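target_11.cif follows (mmCIF, C-alpha atoms):
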data_target
loop_
_atom_site.label_atom_id
_atom_site.label_comp_id
_atom_site.auth_asym_id
_atom_site.auth_seq_id
_atom_site.Cartn_x
_atom_site.Cartn_y
_atom_site.Cartn_z
CA GLY A 1064 125.30 224.14 32.88
CA ASP A 1065 125.84 223.27 29.20
CA ASP A 1066 128.85 223.33 26.86
CA ASN A 1067 128.04 226.90 25.88
CA LYS A 1068 128.55 228.07 29.48
CA ARG A 1069 124.88 228.71 30.10
CA LEU A 1070 122.87 227.89 33.20
CA TRP A 1071 119.53 226.10 32.87
CA THR A 1072 117.18 226.63 35.80
CA GLY A 1073 113.66 225.28 36.26
CA THR A 1074 111.07 227.48 37.95
CA GLN A 1075 107.36 227.33 38.72
CA ASN A 1076 106.78 229.71 35.81
CA GLY A 1077 108.86 228.20 33.05
CA LEU A 1078 112.49 227.69 32.10
CA LEU A 1079 115.21 230.25 32.80
CA ILE A 1080 118.42 230.10 30.72
CA LEU A 1081 121.20 232.41 31.84
CA ASN A 1082 124.35 233.46 30.02
CA LYS A 1083 127.17 233.28 32.56
CA ASN A 1084 129.50 235.33 30.36
CA ASN A 1085 127.16 238.29 30.28
CA ASP A 1086 126.26 238.98 33.92
CA LEU A 1087 123.70 236.15 34.00
CA PHE A 1088 121.62 237.72 31.25
CA PRO A 1089 118.40 235.72 30.58
CA ILE A 1090 118.17 234.08 27.16
CA GLN A 1091 114.92 233.79 25.22
CA ASN A 1092 114.78 231.12 22.52
CA LYS A 1093 112.51 228.46 21.02
CA ILE A 1094 112.88 226.27 24.12
CA THR A 1095 111.79 228.87 26.67
CA ALA A 1096 108.91 229.82 24.35
CA ALA A 1097 107.79 226.18 23.99
CA VAL A 1098 107.89 225.52 27.74
CA GLY A 1099 106.00 228.73 28.43
CA ARG A 1100 104.87 229.20 32.02
CA ASN A 1101 104.72 225.47 32.82
CA THR A 1102 106.52 224.35 35.97
CA VAL A 1103 109.94 222.81 35.27
CA LYS A 1104 110.90 220.31 38.00
CA SER A 1105 113.72 218.37 36.34
CA ILE A 1106 116.54 219.16 33.88
CA TYR A 1107 118.76 216.32 32.69
CA GLU A 1108 121.56 216.17 30.10
CA THR A 1109 121.88 212.75 28.47
CA SER A 1110 125.06 211.03 27.33
CA GLY A 1111 124.01 211.98 23.79
CA LYS A 1112 124.06 215.67 24.72
CA LYS A 1113 120.29 216.05 24.60
CA ILE A 1114 118.78 218.18 27.35
CA LEU A 1115 115.54 216.81 28.79
CA LEU A 1116 113.09 219.08 30.57
CA GLY A 1117 110.55 217.47 32.89
CA THR A 1118 107.61 219.83 33.24
CA SER A 1119 104.03 219.89 34.48
CA GLN A 1120 102.96 219.42 30.86
CA GLY A 1121 105.20 216.60 29.69
CA LEU A 1122 108.76 216.06 28.52
CA PHE A 1123 110.64 218.43 26.21
CA VAL A 1124 113.59 216.90 24.34
CA THR A 1125 115.98 219.70 23.36
CA ASP A 1126 119.56 220.45 22.43
CA ASP A 1127 121.87 223.15 23.74
CA ASN A 1128 121.52 225.14 20.52
CA GLY A 1129 118.01 226.23 21.42
CA ASN A 1130 116.06 223.66 19.40
CA VAL A 1131 113.06 221.64 20.60
CA LEU A 1132 113.44 218.14 19.16
CA ALA A 1133 110.24 216.66 20.61
CA HIS A 1134 107.45 217.29 23.11
CA LEU A 1135 106.10 214.13 24.74
CA ASP A 1136 103.05 213.94 26.96
CA LYS A 1137 100.08 211.71 27.75
CA ARG A 1138 98.76 212.15 24.21
CA THR A 1139 101.97 210.67 22.77
CA GLY A 1140 102.06 207.64 25.09
CA LEU A 1141 103.49 208.81 28.41
CA PRO A 1142 101.62 207.59 31.53
CA GLY A 1143 101.20 211.19 32.72
CA ASN A 1144 102.07 214.82 32.08
CA ASP A 1145 103.47 215.98 35.42
CA ILE A 1146 107.13 214.90 35.60
CA ASN A 1147 109.13 214.89 38.86
CA CYS A 1148 112.48 213.35 37.86
CA ILE A 1149 114.58 211.99 34.99
CA TYR A 1150 117.41 209.44 34.99
CA GLU A 1151 119.58 207.75 32.32
CA ASP A 1152 120.80 204.21 33.02
CA LYS A 1153 123.93 202.39 31.80
CA ASN A 1154 122.11 201.19 28.68
CA LYS A 1155 121.17 204.79 27.78
CA ASN A 1156 117.51 204.19 28.56
CA ILE A 1157 115.73 207.24 29.94
CA TRP A 1158 113.64 206.66 33.04
CA ILE A 1159 111.00 209.24 33.91
CA GLY A 1160 109.25 209.55 37.28
CA PHE A 1161 105.81 211.12 37.38
CA TYR A 1162 103.60 212.78 39.94
CA ASN A 1163 101.01 210.04 40.53
CA GLY A 1164 101.91 208.37 37.23
CA GLY A 1165 104.57 205.83 38.18
CA ILE A 1166 107.66 205.47 35.99
CA CYS A 1167 108.29 204.86 32.32
CA CYS A 1168 111.27 203.94 30.16
CA LEU A 1169 112.17 205.68 26.88
CA CYS A 1170 114.88 204.85 24.36
CA LEU A 1171 116.31 207.96 22.69
CA ASN A 1172 118.60 207.65 19.69
CA SER A 1173 119.75 210.06 17.04
CA ASN A 1174 116.60 209.88 14.93
CA THR A 1175 113.68 208.39 16.83
CA ILE A 1176 112.15 208.06 20.27
CA GLY A 1177 111.07 204.58 21.32
CA LYS A 1178 107.66 203.76 22.74
CA ALA A 1179 107.28 204.42 26.47
CA ILE A 1180 107.11 201.34 28.71
CA ALA A 1181 105.30 202.18 31.95
CA PHE A 1182 105.29 200.65 35.44
CA GLY A 1183 103.17 201.57 38.45
CA GLU A 1184 101.57 200.32 41.64
CA LYS A 1185 99.77 197.60 39.69
CA ASP A 1186 103.19 196.20 38.75
CA GLY A 1187 104.56 196.33 42.31
CA LEU A 1188 105.88 199.90 42.65
CA SER A 1189 105.37 201.09 46.23
CA ASN A 1190 103.67 204.36 45.18
CA ASN A 1191 102.87 206.12 41.91
CA ASN A 1192 104.24 209.47 43.09
CA VAL A 1193 107.88 208.97 42.02
CA MET A 1194 110.34 211.44 43.54
CA SER A 1195 113.83 210.34 42.46
CA ILE A 1196 115.68 207.54 40.65
CA GLN A 1197 119.21 206.15 41.10
CA SER A 1198 120.92 202.92 40.00
CA ASP A 1199 123.34 200.53 41.68
CA SER A 1200 126.31 198.53 40.40
CA GLU A 1201 123.99 195.65 39.41
CA HIS A 1202 121.96 198.03 37.20
CA ASN A 1203 118.93 197.85 39.49
CA LEU A 1204 116.96 201.07 39.88
CA TRP A 1205 116.23 202.49 43.33
CA ILE A 1206 113.11 204.65 43.26
CA SER A 1207 112.03 206.96 46.07
CA THR A 1208 108.31 207.70 46.19
CA GLY A 1209 105.60 209.35 48.21
CA ASN A 1210 105.21 206.12 50.17
CA GLY A 1211 108.33 204.01 50.48
CA LEU A 1212 111.48 203.10 48.56
CA SER A 1213 111.36 200.62 45.67
CA LYS A 1214 114.09 198.53 44.08
CA PHE A 1215 113.36 197.65 40.46
CA ASP A 1216 115.03 194.84 38.52
CA PRO A 1217 114.80 195.90 34.82
CA VAL A 1218 115.54 192.35 33.63
CA LYS A 1219 112.97 190.50 35.74
CA LYS A 1220 110.60 193.52 35.74
CA SER A 1221 110.10 192.99 39.47
CA PHE A 1222 109.93 195.32 42.48
CA SER A 1223 111.06 195.00 46.09
CA ASN A 1224 109.65 197.61 48.46
CA TYR A 1225 111.02 199.06 51.70
CA PHE A 1226 109.28 201.11 54.37
CA ILE A 1227 109.96 202.54 57.83
CA LYS A 1228 109.68 199.05 59.34
CA ASP A 1229 112.56 197.98 57.08
CA GLY A 1230 114.82 200.72 58.43
CA ILE A 1231 114.43 203.71 56.09
CA ALA A 1232 114.20 207.17 57.69
CA GLY A 1233 110.66 207.81 56.50
CA ASN A 1234 108.14 206.72 53.88
CA THR A 1235 107.84 210.14 52.19
CA PHE A 1236 110.72 211.42 50.08
CA ASN A 1237 111.49 214.75 48.38
CA ILE A 1238 111.63 215.49 44.65
CA ASN A 1239 115.09 215.08 43.10
CA SER A 1240 116.71 214.67 46.51
CA SER A 1241 119.11 211.80 45.91
CA CYS A 1242 122.66 211.03 44.86
CA LYS A 1243 125.16 208.20 44.41
CA THR A 1244 128.59 208.60 46.00
CA TYR A 1245 131.93 207.65 44.42
CA ASP A 1246 131.97 204.34 46.32
CA GLY A 1247 128.41 203.36 45.42
CA GLU A 1248 126.47 204.48 48.48
CA LEU A 1249 122.95 205.74 47.72
CA LEU A 1250 121.40 208.67 49.59
CA PHE A 1251 117.75 209.69 49.47
CA GLY A 1252 116.38 212.78 51.20
CA GLY A 1253 112.91 212.77 52.74
CA TYR A 1254 110.62 214.44 55.23
CA ASN A 1255 112.32 212.52 58.06
CA GLY A 1256 115.96 213.00 57.11
CA ILE A 1257 118.32 211.04 54.88
CA THR A 1258 118.16 207.33 54.08
CA ARG A 1259 121.64 206.08 53.13
CA PHE A 1260 122.83 202.56 52.34
CA TYR A 1261 125.07 200.41 50.16
CA PRO A 1262 122.75 198.43 47.84
CA GLN A 1263 125.00 195.35 47.91
CA ASN A 1264 124.39 195.12 51.66
CA ILE A 1265 120.60 194.92 51.27
CA VAL A 1266 119.81 191.20 51.23
CA ARG A 1267 116.27 189.86 51.19
CA ASN A 1268 115.35 186.98 53.49
CA ASN A 1269 113.34 184.62 51.27
CA HIS A 1270 113.19 181.81 53.83
CA ALA A 1271 109.64 180.91 54.79
CA PRO A 1272 109.77 180.32 58.56
CA ARG A 1273 107.99 177.40 60.15
CA THR A 1274 104.57 178.11 61.64
CA ILE A 1275 103.34 175.99 64.56
CA LEU A 1276 99.96 175.70 66.24
CA THR A 1277 100.08 176.63 69.93
CA GLY A 1278 96.54 176.14 71.15
CA LEU A 1279 92.89 175.45 70.45
CA GLN A 1280 89.86 177.07 72.09
CA LEU A 1281 86.18 176.19 71.89
CA PHE A 1282 83.75 178.94 72.90
CA ASN A 1283 86.74 180.79 74.43
CA ARG A 1284 87.72 177.80 76.59
CA GLN A 1285 91.06 176.07 76.13
CA ILE A 1286 90.81 172.55 74.67
CA SER A 1287 92.95 169.97 76.47
CA ILE A 1288 94.28 166.67 75.18
CA ASN A 1289 91.87 163.76 75.81
CA GLY A 1290 89.28 166.11 77.26
CA GLU A 1291 85.58 165.35 77.59
CA ASP A 1292 84.86 167.07 74.26
CA GLY A 1293 87.00 164.44 72.50
CA ILE A 1294 88.44 166.91 69.98
CA LEU A 1295 92.16 166.60 70.73
CA LYS A 1296 93.69 163.12 70.97
CA LYS A 1297 97.29 164.42 70.94
CA ASN A 1298 99.24 167.65 70.62
CA ILE A 1299 97.53 169.88 68.07
CA ASN A 1300 100.70 169.97 65.91
CA LEU A 1301 100.66 166.16 65.67
CA GLN A 1302 96.95 165.68 65.01
CA GLN A 1303 96.15 165.57 61.30
CA THR A 1304 92.41 166.37 61.52
CA LEU A 1305 90.04 168.18 63.86
CA ILE A 1306 86.38 167.12 63.97
CA PHE A 1307 83.75 169.40 65.48
CA HIS A 1308 80.07 168.69 66.05
CA ALA A 1309 77.51 171.02 64.50
CA ASN A 1310 76.96 172.82 67.81
CA GLN A 1311 80.72 173.32 68.34
CA ASN A 1312 80.78 176.14 65.82
CA ILE A 1313 82.86 178.86 67.52
CA PHE A 1314 86.51 177.89 67.85
CA THR A 1315 89.91 179.61 67.87
CA VAL A 1316 93.25 178.30 66.62
CA ASN A 1317 96.39 179.93 68.08
CA PHE A 1318 99.65 179.88 66.11
CA ALA A 1319 103.17 181.30 66.17
CA THR A 1320 105.96 181.76 63.64
CA LEU A 1321 109.48 180.77 64.63
CA ASN A 1322 111.22 183.88 63.32
CA TYR A 1323 112.47 186.75 65.45
CA ILE A 1324 113.64 189.05 62.64
CA MET A 1325 111.53 192.22 62.21
CA LEU A 1326 108.84 191.10 64.63
CA GLU A 1327 106.61 194.09 63.83
CA LYS A 1328 106.21 192.70 60.31
#

Is it possible to express this structure as structure tokens?
Amino acid sequence: GDDNKRLWTGTQNGLLILNKNNDLFPIQNKITAAVGRNTVKSIYETSGKKILLGTSQGLFVTDDNGNVLAHLDKRTGLPGNDINCIYEDKNKNIWIGFYNGGICCLCLNSNTIGKAIAFGEKDGLSNNNVMSIQSDSEHNLWISTGNGLSKFDPVKKSFSNYFIKDGIAGNTFNINSSCKTYDGELLFGGYNGITRFYPQNIVRNNHAPRTILTGLQLFNRQISINGEDGILKKNINLQQTLIFHANQNIFTVNFATLNYIMLEK
């Protein structure tokens, strides 16, 4: 809904604007004409009272008076045309999530539109099919995708990715199925239910656990200390070098990591 008491609804065949004061009568204006029959998957009103329409053919920047201020697509610098979601952060940057195009950041002010800055799988995003975007109290972006959930640090320009093995309900999320509660909890809807969490409780373990060698085999036979082959003089973890003869060319080194957190990873 806008300040003029109208409802904006995206459909697979264009934009539908309804006048609530006149029995939901459809309105035809320059915006509906510009969008045409393109699919509208996201409608977002910015803090500056611009209304952004994410469509299958780019982004339409409009106002609630029926004017199209700009039409942005791949030809004007966006990483793609098919837009799934739109989000405005605390710094009034506009983040756009694309179908198989990653994300990009736009700066909209009263007169100009800044150049799009794009990020994708090559930069660390878990998947280029971006479904939804939310932010936490530390101004990090949480991005649900077609394969996993990504946390993006806009300052460091770095991603941290989370999958089923990290505890999320499923790797595939739904378009625009997310919200942030009054106390800061984030919820993302997917094919396997809802993933919900408090971002401040998600702490990465950056400790590199110790790895030890547990055994040595030569031609599938266990090597013993001071054996006839003369390879091991002491425990394999204490021996600095291993010397094999030319005909001792098939060997196996066994190892283990002393960490019992998330063993499947």

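Evaluated against the shown file, the PyMOL selection byres ((chain A and resi 1146) around 8) gives Lys1104, Ser1105, Gly1117, Thr1118, Ser1119, Gln1120, Gly1121, Leu1122, Gly1143, Asn1144, Asp1145, Asn1147, Cys1148, Ile1159, Gly1160, Phe1161 and Tyr1162 of chain A.
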
Kindly export the residues of the current selection with C-alpha atoms, as an mmCIF file, in the coordinates of the input.
data_model
loop_
_atom_site.group_PDB
_atom_site.id
_atom_site.type_symbol
_atom_site.label_atom_id
_atom_site.label_comp_id
_atom_site.auth_asym_id
_atom_site.auth_seq_id
_atom_site.Cartn_x
_atom_site.Cartn_y
_atom_site.Cartn_z
ATOM 1 C CA LYS A 1104 110.900 220.310 38.000
ATOM 2 C CA SER A 1105 113.720 218.370 36.340
ATOM 3 C CA GLY A 1117 110.550 217.470 32.890
ATOM 4 C CA THR A 1118 107.610 219.830 33.240
ATOM 5 C CA SER A 1119 104.030 219.890 34.480
ATOM 6 C CA GLN A 1120 102.960 219.420 30.860
ATOM 7 C CA GLY A 1121 105.200 216.600 29.690
ATOM 8 C CA LEU A 1122 108.760 216.060 28.520
ATOM 9 C CA GLY A 1143 101.200 211.190 32.720
ATOM 10 C CA ASN A 1144 102.070 214.820 32.080
ATOM 11 C CA ASP A 1145 103.470 215.980 35.420
ATOM 12 C CA ASN A 1147 109.130 214.890 38.860
ATOM 13 C CA CYS A 1148 112.480 213.350 37.860
ATOM 14 C CA ILE A 1159 111.000 209.240 33.910
ATOM 15 C CA GLY A 1160 109.250 209.550 37.280
ATOM 16 C CA PHE A 1161 105.810 211.120 37.380
ATOM 17 C CA TYR A 1162 103.600 212.780 39.940
#

Taking (113.6, 215.4, 20.6) in the file's coordinates as the center, which residues reach within 9 Å of it, counting all atoms listed in the file, put as an MDAnalysis selection string? chainID A and resid 1113:1115 1123:1126 1130:1135 1171 1173:1176

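The residues returned by the PyMOL selection byres ((chain A and resi 1186) around 12) for this structure are A:Gly1165, A:Ile1166, A:Cys1167, A:Ile1180, A:Ala1181, A:Phe1182, A:Gly1183, A:Glu1184, A:Lys1185, A:Gly1187, A:Leu1188, A:Ser1189, A:Asn1190, A:Asn1191, A:Ser1213, A:Phe1215, A:Asp1216, A:Lys1219, A:Lys1220, A:Ser1221, A:Phe1222, A:Ser1223, A:Asn1224.
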
Write the residues of the preceding selection, restricted to C-alpha atoms, as a PDB file, in the frame of the given file.
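The resulting file, selection.pdb, is reproduced below:
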ATOM      1  CA  GLY A1165     104.570 205.830  38.180  1.00  0.00           C
ATOM      2  CA  ILE A1166     107.660 205.470  35.990  1.00  0.00           C
ATOM      3  CA  CYS A1167     108.290 204.860  32.320  1.00  0.00           C
ATOM      4  CA  ILE A1180     107.110 201.340  28.710  1.00  0.00           C
ATOM      5  CA  ALA A1181     105.300 202.180  31.950  1.00  0.00           C
ATOM      6  CA  PHE A1182     105.290 200.650  35.440  1.00  0.00           C
ATOM      7  CA  GLY A1183     103.170 201.570  38.450  1.00  0.00           C
ATOM      8  CA  GLU A1184     101.570 200.320  41.640  1.00  0.00           C
ATOM      9  CA  LYS A1185      99.770 197.600  39.690  1.00  0.00           C
ATOM     10  CA  GLY A1187     104.560 196.330  42.310  1.00  0.00           C
ATOM     11  CA  LEU A1188     105.880 199.900  42.650  1.00  0.00           C
ATOM     12  CA  SER A1189     105.370 201.090  46.230  1.00  0.00           C
ATOM     13  CA  ASN A1190     103.670 204.360  45.180  1.00  0.00           C
ATOM     14  CA  ASN A1191     102.870 206.120  41.910  1.00  0.00           C
ATOM     15  CA  SER A1213     111.360 200.620  45.670  1.00  0.00           C
ATOM     16  CA  PHE A1215     113.360 197.650  40.460  1.00  0.00           C
ATOM     17  CA  ASP A1216     115.030 194.840  38.520  1.00  0.00           C
ATOM     18  CA  LYS A1219     112.970 190.500  35.740  1.00  0.00           C
ATOM     19  CA  LYS A1220     110.600 193.520  35.740  1.00  0.00           C
ATOM     20  CA  SER A1221     110.100 192.990  39.470  1.00  0.00           C
ATOM     21  CA  PHE A1222     109.930 195.320  42.480  1.00  0.00           C
ATOM     22  CA  SER A1223     111.060 195.000  46.090  1.00  0.00           C
ATOM     23  CA  ASN A1224     109.650 197.610  48.460  1.00  0.00           C
TER      24      ASN A1224
END

Output the residue selection produced by the PyMOL selection byres ((chain A and resi 1192-1204) around 8) on the file above, formatted as an NGL selection string. :A and (1147-1150 or 1152-1153 or 1158 or 1160-1166 or 1190-1191 or 1205-1210 or 1214-1217 or 1236-1243 or 1247 or 1249 or 1262)

Could those residues be written to a file, using C-alpha atoms, as a compact mmCIF listing (two decimals), in the coordinates of the input?
# COMPACT_ATOMS: atom_id res chain seq x y z
CA ASN A 1147 109.13 214.89 38.86
CA CYS A 1148 112.48 213.35 37.86
CA ILE A 1149 114.58 211.99 34.99
CA TYR A 1150 117.41 209.44 34.99
CA ASP A 1152 120.80 204.21 33.02
CA LYS A 1153 123.93 202.39 31.80
CA TRP A 1158 113.64 206.66 33.04
CA GLY A 1160 109.25 209.55 37.28
CA PHE A 1161 105.81 211.12 37.38
CA TYR A 1162 103.60 212.78 39.94
CA ASN A 1163 101.01 210.04 40.53
CA GLY A 1164 101.91 208.37 37.23
CA GLY A 1165 104.57 205.83 38.18
CA ILE A 1166 107.66 205.47 35.99
CA ASN A 1190 103.67 204.36 45.18
CA ASN A 1191 102.87 206.12 41.91
CA TRP A 1205 116.23 202.49 43.33
CA ILE A 1206 113.11 204.65 43.26
CA SER A 1207 112.03 206.96 46.07
CA THR A 1208 108.31 207.70 46.19
CA GLY A 1209 105.60 209.35 48.21
CA ASN A 1210 105.21 206.12 50.17
CA LYS A 1214 114.09 198.53 44.08
CA PHE A 1215 113.36 197.65 40.46
CA ASP A 1216 115.03 194.84 38.52
CA PRO A 1217 114.80 195.90 34.82
CA PHE A 1236 110.72 211.42 50.08
CA ASN A 1237 111.49 214.75 48.38
CA ILE A 1238 111.63 215.49 44.65
CA ASN A 1239 115.09 215.08 43.10
CA SER A 1240 116.71 214.67 46.51
CA SER A 1241 119.11 211.80 45.91
CA CYS A 1242 122.66 211.03 44.86
CA LYS A 1243 125.16 208.20 44.41
CA GLY A 1247 128.41 203.36 45.42
CA LEU A 1249 122.95 205.74 47.72
CA PRO A 1262 122.75 198.43 47.84

Residues within 12 Å of Asn1312 of chain A, only C-alpha atoms, excluding chain neighbours under 2 positions, as an NGL selection string: :A and (1280-1283 or 1306-1310 or 1314-1315)

Which value, in Å to one decimal, gives the distance between atom CA of Arg1069 of chain A and atom CA of Asp1127 of chain A?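 Computing it gives 9.0 Å between the two atoms.
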
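With all atoms listed in the file as the basis for measurement, A:Cys1170 is the residue among A:Leu1141, A:Ala1271, A:Ile1288, A:Cys1170 that approaches Lys1155 of chain A most closely.
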
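Shortest separation to Arg1267 of chain A among A:Leu1116, A:Val1103, A:Ile1324, A:Leu1070 occurs at residue A:Ile1324, atoms counted being all atoms listed in the file.
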
Here's a test: counting only C-alpha atoms, identify every protein, DNA and RNA residue with an atom at most 6 Å from (123.1, 203.8, 49.7) in the file's coordinate frame, and state them as a VMD selection string. chain A and resid 1248 to 1250 1259 to 1262

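Straight-line separation from atom CA of Tyr1225 of chain A to atom CA of Thr1320 of chain A: 21.6 Å.
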
Using all atoms listed in the file, pick whichever of A:Thr1244, A:Asp1229, A:Leu1321, A:Ser1287 has the shortest atom-to-atom distance to Pro1272 of chain A. A:Leu1321

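In this model, the gap between atom CA of Asn1317 of chain A and atom CA of Gly1278 of chain A comes to 4.9 Å.
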
Please fill the gaps in segment 1070-1081 of chain A so it has N, CA, C and O atoms, and write that as a PDB file, in the frame of the given file.
ATOM      1  N   LEU A1070     123.545 228.541  32.091  1.00  0.00           N
ATOM      2  CA  LEU A1070     122.870 227.890  33.200  1.00  0.00           C
ATOM      3  C   LEU A1070     121.403 227.675  32.858  1.00  0.00           C
ATOM      4  O   LEU A1070     120.725 228.608  32.416  1.00  0.00           O
ATOM      5  N   TRP A1071     120.937 226.448  33.083  1.00  0.00           N
ATOM      6  CA  TRP A1071     119.530 226.100  32.870  1.00  0.00           C
ATOM      7  C   TRP A1071     118.890 225.937  34.240  1.00  0.00           C
ATOM      8  O   TRP A1071     119.339 225.120  35.039  1.00  0.00           O
ATOM      9  N   THR A1072     117.833 226.669  34.497  1.00  0.00           N
ATOM     10  CA  THR A1072     117.180 226.630  35.800  1.00  0.00           C
ATOM     11  C   THR A1072     115.672 226.458  35.616  1.00  0.00           C
ATOM     12  O   THR A1072     115.046 227.189  34.839  1.00  0.00           O
ATOM     13  N   GLY A1073     115.103 225.486  36.318  1.00  0.00           N
ATOM     14  CA  GLY A1073     113.660 225.280  36.260  1.00  0.00           C
ATOM     15  C   GLY A1073     112.957 226.084  37.340  1.00  0.00           C
ATOM     16  O   GLY A1073     113.418 226.168  38.479  1.00  0.00           O
ATOM     17  N   THR A1074     111.854 226.689  37.005  1.00  0.00           N
ATOM     18  CA  THR A1074     111.070 227.480  37.950  1.00  0.00           C
ATOM     19  C   THR A1074     109.608 227.047  37.879  1.00  0.00           C
ATOM     20  O   THR A1074     109.224 226.245  37.025  1.00  0.00           O
ATOM     21  N   GLN A1075     108.794 227.616  38.747  1.00  0.00           N
ATOM     22  CA  GLN A1075     107.360 227.330  38.720  1.00  0.00           C
ATOM     23  C   GLN A1075     106.672 228.042  37.564  1.00  0.00           C
ATOM     24  O   GLN A1075     105.504 227.774  37.275  1.00  0.00           O
ATOM     25  N   ASN A1076     107.373 228.944  36.917  1.00  0.00           N
ATOM     26  CA  ASN A1076     106.780 229.710  35.810  1.00  0.00           C
ATOM     27  C   ASN A1076     107.603 229.595  34.535  1.00  0.00           C
ATOM     28  O   ASN A1076     107.770 230.557  33.802  1.00  0.00           O
ATOM     29  N   GLY A1077     108.140 228.414  34.297  1.00  0.00           N
ATOM     30  CA  GLY A1077     108.860 228.200  33.050  1.00  0.00           C
ATOM     31  C   GLY A1077     110.328 227.918  33.244  1.00  0.00           C
ATOM     32  O   GLY A1077     110.809 227.643  34.354  1.00  0.00           O
ATOM     33  N   LEU A1078     111.068 227.991  32.130  1.00  0.00           N
ATOM     34  CA  LEU A1078     112.490 227.690  32.100  1.00  0.00           C
ATOM     35  C   LEU A1078     113.285 228.988  32.004  1.00  0.00           C
ATOM     36  O   LEU A1078     112.968 229.879  31.205  1.00  0.00           O
ATOM     37  N   LEU A1079     114.338 229.085  32.815  1.00  0.00           N
ATOM     38  CA  LEU A1079     115.210 230.250  32.800  1.00  0.00           C
ATOM     39  C   LEU A1079     116.598 229.814  32.342  1.00  0.00           C
ATOM     40  O   LEU A1079     117.224 228.953  32.960  1.00  0.00           O
ATOM     41  N   ILE A1080     117.069 230.373  31.221  1.00  0.00           N
ATOM     42  CA  ILE A1080     118.420 230.100  30.720  1.00  0.00           C
ATOM     43  C   ILE A1080     119.239 231.371  30.871  1.00  0.00           C
ATOM     44  O   ILE A1080     118.842 232.438  30.400  1.00  0.00           O
ATOM     45  N   LEU A1081     120.369 231.253  31.548  1.00  0.00           N
ATOM     46  CA  LEU A1081     121.200 232.410  31.840  1.00  0.00           C
ATOM     47  C   LEU A1081     122.555 232.299  31.167  1.00  0.00           C
ATOM     48  O   LEU A1081     123.169 231.229  31.159  1.00  0.00           O
TER      49      LEU A1081
END
